[in-house]
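Source file: entry_24.txt (compact mmCIF, C-alpha atoms)
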# COMPACT_ATOMS: atom_id res chain seq x y z
CA MET A 1 -50.55 36.34 -21.16
CA LYS A 2 -52.63 38.43 -23.51
CA LEU A 3 -55.63 38.01 -21.21
CA LEU A 4 -53.58 39.06 -18.18
CA SER A 5 -52.29 42.10 -20.03
CA THR A 6 -55.83 43.11 -20.95
CA LEU A 7 -57.04 42.72 -17.38
CA HIS A 8 -54.09 44.75 -16.09
CA SER A 9 -54.83 47.58 -18.53
CA ALA A 10 -58.49 47.62 -17.53
CA PHE A 11 -57.54 47.77 -13.84
CA VAL A 12 -55.14 50.69 -14.41
CA ALA A 13 -57.75 52.58 -16.40
CA SER A 14 -60.39 51.98 -13.73
CA SER A 15 -58.00 53.13 -10.99
CA ALA A 16 -57.20 56.27 -12.96
CA ARG A 17 -60.90 57.08 -13.39
CA THR A 18 -61.49 56.50 -9.68
CA SER A 19 -58.56 58.75 -8.71
CA SER A 20 -59.74 61.45 -11.11
CA ALA A 21 -63.27 61.31 -9.72
CA ALA A 22 -61.96 61.49 -6.16
CA ALA A 23 -59.78 64.48 -7.02
CA THR A 24 -62.71 66.23 -8.70
CA ALA A 25 -64.90 65.58 -5.67
CA ALA A 26 -62.21 66.93 -3.32
CA VAL A 27 -61.89 70.12 -5.39
CA SER A 28 -65.68 70.44 -5.43
CA VAL A 29 -65.81 70.20 -1.65
CA ARG A 30 -63.11 72.85 -1.24
CA MET A 31 -64.85 75.18 -3.70
CA SER A 32 -68.19 74.70 -1.96
CA SER A 33 -66.71 75.38 1.47
CA SER A 34 -65.12 78.61 0.22
CA GLY A 35 -68.47 79.95 -0.99
CA SER A 36 -67.60 79.71 -4.68
CA ASP A 37 -71.25 79.18 -5.62
CA TYR A 38 -71.34 82.93 -6.37
CA THR A 39 -70.58 84.00 -9.93
CA LEU A 40 -70.00 87.34 -11.64
CA ASP A 41 -73.67 87.27 -12.62
CA ASP A 42 -74.47 87.79 -8.94
CA LEU A 43 -72.31 90.93 -8.68
CA GLY A 44 -74.46 93.92 -7.79
CA LYS A 45 -77.47 91.68 -7.12
CA LYS A 46 -76.73 89.16 -4.39
CA TYR A 47 -73.70 91.07 -3.13
CA PRO A 48 -72.32 94.60 -3.67
CA GLU A 49 -69.84 95.81 -6.22
CA LEU A 50 -68.18 97.97 -3.57
CA VAL A 51 -68.01 97.58 0.21
CA VAL A 52 -67.05 100.78 2.00
CA PHE A 53 -65.75 100.66 5.56
CA ASP A 54 -65.49 103.46 8.06
CA ALA A 55 -62.17 103.03 9.86
CA ASP A 56 -62.20 104.23 13.47
CA ALA A 57 -64.31 102.16 15.91
CA CYS A 58 -65.75 100.26 12.95
CA PHE A 59 -63.08 98.59 10.82
CA TRP A 60 -60.68 98.58 13.76
CA ASP A 61 -61.04 99.04 17.49
CA LYS A 62 -59.43 102.44 18.08
CA GLU A 63 -59.99 106.11 17.28
CA MET A 64 -56.95 107.39 15.42
CA TYR A 65 -57.20 110.90 16.88
CA GLU A 66 -56.53 109.36 20.30
CA MET A 67 -53.28 107.71 19.18
CA SER A 68 -50.07 109.25 20.48
CA ALA A 69 -47.48 107.93 18.02
CA MET A 70 -47.01 106.48 14.58
CA PRO A 71 -47.41 102.68 14.60
CA SER A 72 -44.11 100.97 15.20
CA ASP A 73 -44.03 97.53 16.77
CA THR A 74 -46.31 94.81 15.47
CA VAL A 75 -48.08 92.17 17.53
CA LYS A 76 -48.32 88.66 16.13
CA GLY A 77 -51.44 86.61 16.69
CA ASP A 78 -53.90 84.16 15.18
CA LEU A 79 -55.61 85.45 12.04
CA ASN A 80 -58.97 83.78 12.41
CA GLY A 81 -57.52 80.29 12.09
CA ARG A 82 -55.54 81.16 8.95
CA GLY A 83 -52.16 81.16 10.64
CA GLU A 84 -50.08 83.60 12.66
CA GLY A 85 -49.61 87.09 11.35
CA VAL A 86 -49.73 90.77 12.29
CA ALA A 87 -52.90 90.97 14.37
CA GLY A 88 -52.07 94.29 16.02
CA VAL A 89 -49.86 97.36 15.71
CA MET A 90 -48.68 99.52 18.58
CA SER A 91 -49.17 103.27 18.75
CA GLY A 92 -47.40 104.13 21.97
CA ARG A 93 -49.16 101.96 24.56
CA ASP A 94 -52.25 101.45 22.43
CA LYS A 95 -52.75 98.36 20.28
CA ILE A 96 -54.76 98.80 17.08
CA SER A 97 -56.51 95.66 15.80
CA LEU A 98 -59.15 94.81 13.23
CA HIS A 99 -62.56 93.90 14.53
CA ARG A 100 -63.45 90.25 13.97
CA GLY A 101 -66.03 90.99 11.27
CA SER A 102 -63.59 93.24 9.43
CA LEU A 103 -60.93 90.52 9.38
CA LEU A 104 -63.47 87.94 8.23
CA ALA A 105 -64.79 90.24 5.51
CA MET A 106 -61.30 90.92 4.20
CA GLN A 107 -60.37 87.23 4.29
CA GLU A 108 -63.47 86.20 2.37
CA HIS A 109 -62.80 88.96 -0.14
CA TRP A 110 -59.16 87.96 -0.50
CA ASP A 111 -60.26 84.36 -1.09
CA GLY A 112 -62.49 85.47 -3.95
CA LYS A 113 -65.76 84.47 -2.31
CA TYR A 114 -67.51 87.43 -3.97
CA PRO A 115 -66.22 87.59 -7.57
CA GLY A 116 -65.65 91.11 -8.84
CA MET A 117 -66.39 92.82 -5.51
CA LYS A 118 -64.04 95.57 -4.36
CA VAL A 119 -63.40 97.32 -1.03
CA ALA A 120 -62.46 100.82 0.12
CA ILE A 121 -62.21 103.02 3.22
CA ALA A 122 -64.22 106.19 3.87
CA SER A 123 -62.96 107.74 7.10
CA SER A 124 -63.31 111.29 8.39
CA ALA A 125 -60.13 111.09 10.50
CA ASP A 126 -59.99 114.23 12.61
CA THR A 127 -56.44 115.44 11.99
CA PRO A 128 -53.66 114.99 9.44
CA PHE A 129 -51.74 113.01 12.07
CA ALA A 130 -54.74 110.72 12.65
CA GLU A 131 -54.87 110.09 8.91
CA LYS A 132 -51.18 109.18 8.86
CA VAL A 133 -51.61 106.76 11.77
CA GLY A 134 -54.55 105.14 9.99
CA ARG A 135 -52.74 104.75 6.69
CA ALA A 136 -49.68 103.31 8.43
CA SER A 137 -51.88 100.79 10.26
CA LEU A 138 -53.46 99.65 6.99
CA LYS A 139 -50.00 98.88 5.65
CA LEU A 140 -49.04 96.76 8.68
CA LEU A 141 -52.15 94.83 9.75
CA GLU A 142 -52.48 91.52 7.95
CA VAL A 143 -55.49 89.74 6.46
CA VAL A 144 -53.67 86.43 6.07
CA PRO A 145 -50.00 85.85 6.87
CA GLY A 146 -47.88 87.98 4.55
CA VAL A 147 -50.81 89.95 3.05
CA THR A 148 -51.68 93.34 4.54
CA VAL A 149 -54.98 95.19 4.35
CA TRP A 150 -53.29 97.70 2.07
CA ASP A 151 -52.17 94.89 -0.24
CA VAL A 152 -55.81 93.91 -0.71
CA PHE A 153 -56.84 97.49 -1.49
CA MET A 154 -54.02 97.83 -4.00
CA ARG A 155 -54.95 94.53 -5.66
CA ASP A 156 -58.54 95.70 -6.11
CA TRP A 157 -57.60 98.99 -7.74
CA ASN A 158 -54.44 98.02 -9.66
CA GLY A 159 -52.21 100.04 -7.36
CA VAL A 160 -54.38 103.19 -7.34
CA ASP A 161 -55.39 104.64 -3.95
CA VAL A 162 -59.12 105.37 -4.16
CA ASN A 163 -59.61 105.46 -0.36
CA GLN A 164 -61.06 108.63 1.14
CA ILE A 165 -59.39 109.22 4.51
CA GLY A 166 -59.46 112.44 6.54
CA ARG A 167 -61.46 115.66 6.60
CA GLN A 168 -58.92 118.12 5.22
CA PRO A 169 -60.09 119.86 2.00
CA PRO A 170 -61.31 118.72 -0.44
CA LEU A 171 -62.71 116.20 2.08
CA SER A 172 -64.90 117.22 5.01
CA SER A 173 -66.55 115.75 8.09
CA ASN A 174 -69.64 114.93 6.00
CA LYS A 175 -68.97 111.70 4.10
CA SER A 176 -72.15 112.01 2.06
CA ARG A 177 -70.97 115.34 0.63
CA THR A 178 -67.35 114.49 -0.10
CA HIS A 179 -66.12 110.94 0.56
CA PHE A 180 -68.89 109.11 -1.29
CA PRO A 181 -69.14 111.41 -4.32
CA PHE A 182 -65.36 111.09 -4.69
CA LEU A 183 -65.57 107.30 -4.37
CA ARG A 184 -68.22 107.19 -7.07
CA GLU A 185 -66.13 109.40 -9.33
CA LYS A 186 -62.88 107.50 -8.81
CA THR A 187 -64.30 103.98 -8.98
CA GLY A 188 -67.13 104.41 -11.47
CA ILE A 189 -69.36 102.33 -9.17
CA ARG A 190 -72.91 103.55 -8.64
CA PHE A 191 -74.21 104.44 -5.19
CA ASP A 192 -76.86 101.73 -5.51
CA ARG A 193 -74.16 99.11 -5.91
CA MET A 194 -72.44 99.97 -2.61
CA LEU A 195 -72.63 98.65 0.96
CA PHE A 196 -71.44 100.94 3.76
CA PHE A 197 -70.51 100.15 7.38
CA ASP A 198 -70.06 102.94 9.96
CA ASP A 199 -70.15 103.03 13.76
CA CYS A 200 -72.18 106.29 13.66
CA ASN A 201 -71.16 107.08 17.24
CA TRP A 202 -70.22 110.67 16.38
CA GLY A 203 -72.99 111.36 13.88
CA ASP A 204 -75.37 109.43 11.66
CA HIS A 205 -73.13 108.96 8.65
CA CYS A 206 -75.26 106.04 7.45
CA GLY A 207 -78.39 108.19 7.50
CA GLN A 208 -76.62 111.03 5.68
CA VAL A 209 -75.32 108.71 2.97
CA GLU A 210 -78.77 107.15 2.53
CA SER A 211 -80.35 110.62 2.19
CA ASN A 212 -77.77 112.41 0.07
CA CYS A 213 -76.14 109.75 -2.13
CA LYS A 214 -78.92 108.64 -4.48
CA GLU A 215 -78.78 107.68 -8.13
CA ASP A 216 -80.85 109.91 -10.40
CA ASP A 217 -82.42 107.06 -12.36
CA THR A 218 -83.32 104.73 -9.48
CA GLY A 219 -83.48 107.09 -6.52
CA LYS A 220 -81.59 104.48 -4.52
CA SER A 221 -78.60 104.97 -2.21
CA PRO A 222 -76.05 102.57 -0.71
CA ALA A 223 -77.21 99.88 1.68
CA THR A 224 -75.89 100.82 5.13
CA VAL A 225 -75.30 99.11 8.46
CA ARG A 226 -74.53 100.87 11.74
CA THR A 227 -71.84 99.22 13.88
CA PRO A 228 -71.79 101.07 17.23
CA TYR A 229 -69.68 98.32 18.81
CA GLY A 230 -67.46 97.70 15.82
CA LEU A 231 -67.84 95.47 12.79
CA GLY A 232 -68.48 91.97 14.10
CA GLU A 233 -69.25 88.84 12.14
CA GLN A 234 -72.97 89.34 12.75
CA GLU A 235 -72.84 92.88 11.35
CA TRP A 236 -70.90 91.68 8.29
CA ARG A 237 -73.54 89.04 7.53
CA LYS A 238 -76.33 91.52 8.25
CA GLY A 239 -74.82 93.92 5.72
CA LEU A 240 -74.70 91.34 2.97
CA GLU A 241 -78.28 90.34 3.71
CA ALA A 242 -79.42 93.97 3.75
CA TYR A 243 -77.79 94.60 0.38
CA ALA A 244 -79.31 91.49 -1.22
CA LYS A 245 -82.74 92.40 0.15
CA LYS A 246 -82.52 95.98 -1.12
CA PHE A 247 -81.08 95.32 -4.56
CA GLY A 248 -81.42 91.61 -5.28
CA SER A 249 -83.53 90.61 -8.24

Rendering of file as structure tokens:
Amino acid sequence: MKLLSTLHSAFVASSARTSSAAATAAVSVRMSSSGSDYTLDDLGKKYPELVVFDADACFWDKEMYEMSAMPSDTVKGDLNGRGEGVAGVMSGRDKISLHRGSLLAMQEHWDGKYPGMKVAIASSADTPFAEKVGRASLKLLEVVPGVTVWDVFMRDWNGVDVNQIGRQPPLSSNKSRTHFPFLREKTGIRFDRMLFFDDCNWGDHCGQVESNCKEDDTGKSPATVRTPYGLGEQEWRKGLEAYAKKFGS
């Protein structure tokens, strides 16, 4: 009996070790698939401290100055395989939706793929009404079911709105002269730790930011990517690669 008891105990212990190893392996696989190989040591080197998105025709597929009404009805749809959520909002007859790369970027950020990274909007919306439509859309469009774009922004900045939206004073139509200096002041993040996406269809905002937003000690400006057809997955990946190439060490 004593021998049987000993064998039983050894079997239970072996099973426990096997189960523990299997669980550890499963967690490791999930972590690897979510891109968790990045650490805080990579922040500012392999990926930016701050990603700045233009809104109209870049982050989403519409120009807010063309919208006729405040967003009201929401449109449910697939959120990039993460479940059904608010994939569109209606402004009159127009549906406003995130571009695929924008949704993917926000999902990866929400998942913590890039530890310590933060996001913000820099948009020179033409009119006060266009700004209101844009802000309302941010609070309705979802990144994953139940989590809006605005929720992600508020998480990053502990409930403080650092976004620069509009062109009414003290903002202007020139993002390099107003939006980006204000972002640097409010966030404390250096220009050479930023990545900026803009469609540049109504002016070369990327070029202006590169020329006018340089750090005194390094002479370097944000990495920028032009998205004339909106922020797709390819543009998102290109931006991360461009940042790592420019600032990686």

> Any idea what the distance is between atom CA of Asn80 of chain A and atom CA of Gly232 of chain A?
Replying inline: 12.7 Å

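Rounded to one decimal, atom CA of Val119 of chain A and atom CA of Cys58 of chain A lie 14.5 Å from each other.
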
>> Please return as a list in words every residue within 12 Å of (-78.3, 112.5, 5.0), taking into account all atoms listed in the file and the file's own coordinates.
In response: Asn174, Lys175, Ser176, Arg177, Phe180, Gly203, Asp204, His205, Cys206, Gly207, Gln208, Val209, Glu210, Ser211, Asn212, Cys213, Lys214, Ser221, Pro222 and Thr224 of chain A

Dump of C-alpha atoms for the selected residues, as a PDB file, in the frame of the given file:
ATOM      1  CA  ASN A 174     -69.640 114.930   6.000  1.00  0.00           C
ATOM      2  CA  LYS A 175     -68.970 111.700   4.100  1.00  0.00           C
ATOM      3  CA  SER A 176     -72.150 112.010   2.060  1.00  0.00           C
ATOM      4  CA  ARG A 177     -70.970 115.340   0.630  1.00  0.00           C
ATOM      5  CA  PHE A 180     -68.890 109.110  -1.290  1.00  0.00           C
ATOM      6  CA  GLY A 203     -72.990 111.360  13.880  1.00  0.00           C
ATOM      7  CA  ASP A 204     -75.370 109.430  11.660  1.00  0.00           C
ATOM      8  CA  HIS A 205     -73.130 108.960   8.650  1.00  0.00           C
ATOM      9  CA  CYS A 206     -75.260 106.040   7.450  1.00  0.00           C
ATOM     10  CA  GLY A 207     -78.390 108.190   7.500  1.00  0.00           C
ATOM     11  CA  GLN A 208     -76.620 111.030   5.680  1.00  0.00           C
ATOM     12  CA  VAL A 209     -75.320 108.710   2.970  1.00  0.00           C
ATOM     13  CA  GLU A 210     -78.770 107.150   2.530  1.00  0.00           C
ATOM     14  CA  SER A 211     -80.350 110.620   2.190  1.00  0.00           C
ATOM     15  CA  ASN A 212     -77.770 112.410   0.070  1.00  0.00           C
ATOM     16  CA  CYS A 213     -76.140 109.750  -2.130  1.00  0.00           C
ATOM     17  CA  LYS A 214     -78.920 108.640  -4.480  1.00  0.00           C
ATOM     18  CA  SER A 221     -78.600 104.970  -2.210  1.00  0.00           C
ATOM     19  CA  PRO A 222     -76.050 102.570  -0.710  1.00  0.00           C
ATOM     20  CA  THR A 224     -75.890 100.820   5.130  1.00  0.00           C
TER      21      THR A 224
END

>> What's around segment 195-202 of chain A at 9 Å? Count all atoms listed in the file, leave out sequence neighbours fewer than 4 positions away in its own chain, and write the answer as a ChimeraX atom specification.
In response: /A:47-59,122,191,206-207,209,222-231,235-236,239-240,242-243

> In Å, with one decimal, what is the gap from atom CA of Lys45 of chain A to atom CA of Glu241 of chain A?
Replying inline: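 Atom CA of Lys45 of chain A sits 10.9 Å away from atom CA of Glu241 of chain A.
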
>> List the spatial neighbours of segment 145-156 of chain A as a count of residues only - criterion: any atom at most 10 Å away, all atoms listed in the file, same-chain residues fewer than 5 positions off excluded.
In response: 31

>> Could you list, as a PyMOL selection string, every residue within 9 Å of Ala130 of chain A, counting all atoms listed in the file and ignoring same-chain residues fewer than 2 positions away?
In response: chain A and resi 63-67+125-128+132-135+166

File of the preceding selection, C-alpha atoms, as a PDB file, in the frame of the given file:
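That gives us result-v5.pdb:
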ATOM      1  CA  GLU A  63     -59.990 106.110  17.280  1.00  0.00           C
ATOM      2  CA  MET A  64     -56.950 107.390  15.420  1.00  0.00           C
ATOM      3  CA  TYR A  65     -57.200 110.900  16.880  1.00  0.00           C
ATOM      4  CA  GLU A  66     -56.530 109.360  20.300  1.00  0.00           C
ATOM      5  CA  MET A  67     -53.280 107.710  19.180  1.00  0.00           C
ATOM      6  CA  ALA A 125     -60.130 111.090  10.500  1.00  0.00           C
ATOM      7  CA  ASP A 126     -59.990 114.230  12.610  1.00  0.00           C
ATOM      8  CA  THR A 127     -56.440 115.440  11.990  1.00  0.00           C
ATOM      9  CA  PRO A 128     -53.660 114.990   9.440  1.00  0.00           C
ATOM     10  CA  LYS A 132     -51.180 109.180   8.860  1.00  0.00           C
ATOM     11  CA  VAL A 133     -51.610 106.760  11.770  1.00  0.00           C
ATOM     12  CA  GLY A 134     -54.550 105.140   9.990  1.00  0.00           C
ATOM     13  CA  ARG A 135     -52.740 104.750   6.690  1.00  0.00           C
ATOM     14  CA  GLY A 166     -59.460 112.440   6.540  1.00  0.00           C
TER      15      GLY A 166
END

>> Considering all atoms listed in the file, can you say which of A:Gly101, A:Gly81, A:Pro115, A:Pro71 comes closest to Lys46 of chain A?
In response: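 For Lys46 of chain A, the nearest of the given residues is A:Pro115.
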
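Distances to Gln164 of chain A were evaluated for A:Ser97, A:Thr39, A:Thr178, A:Ser91 using only C-alpha atoms, and the minimum falls at A:Thr178.
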
> Between A:Leu141, A:Ser124, A:Ser102, A:Tyr38, which has the minimum distance to Asp73 of chain A (counting all atoms listed in the file)?
Replying inline: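 Ranked by minimum distance to Asp73 of chain A, first place goes to A:Leu141.
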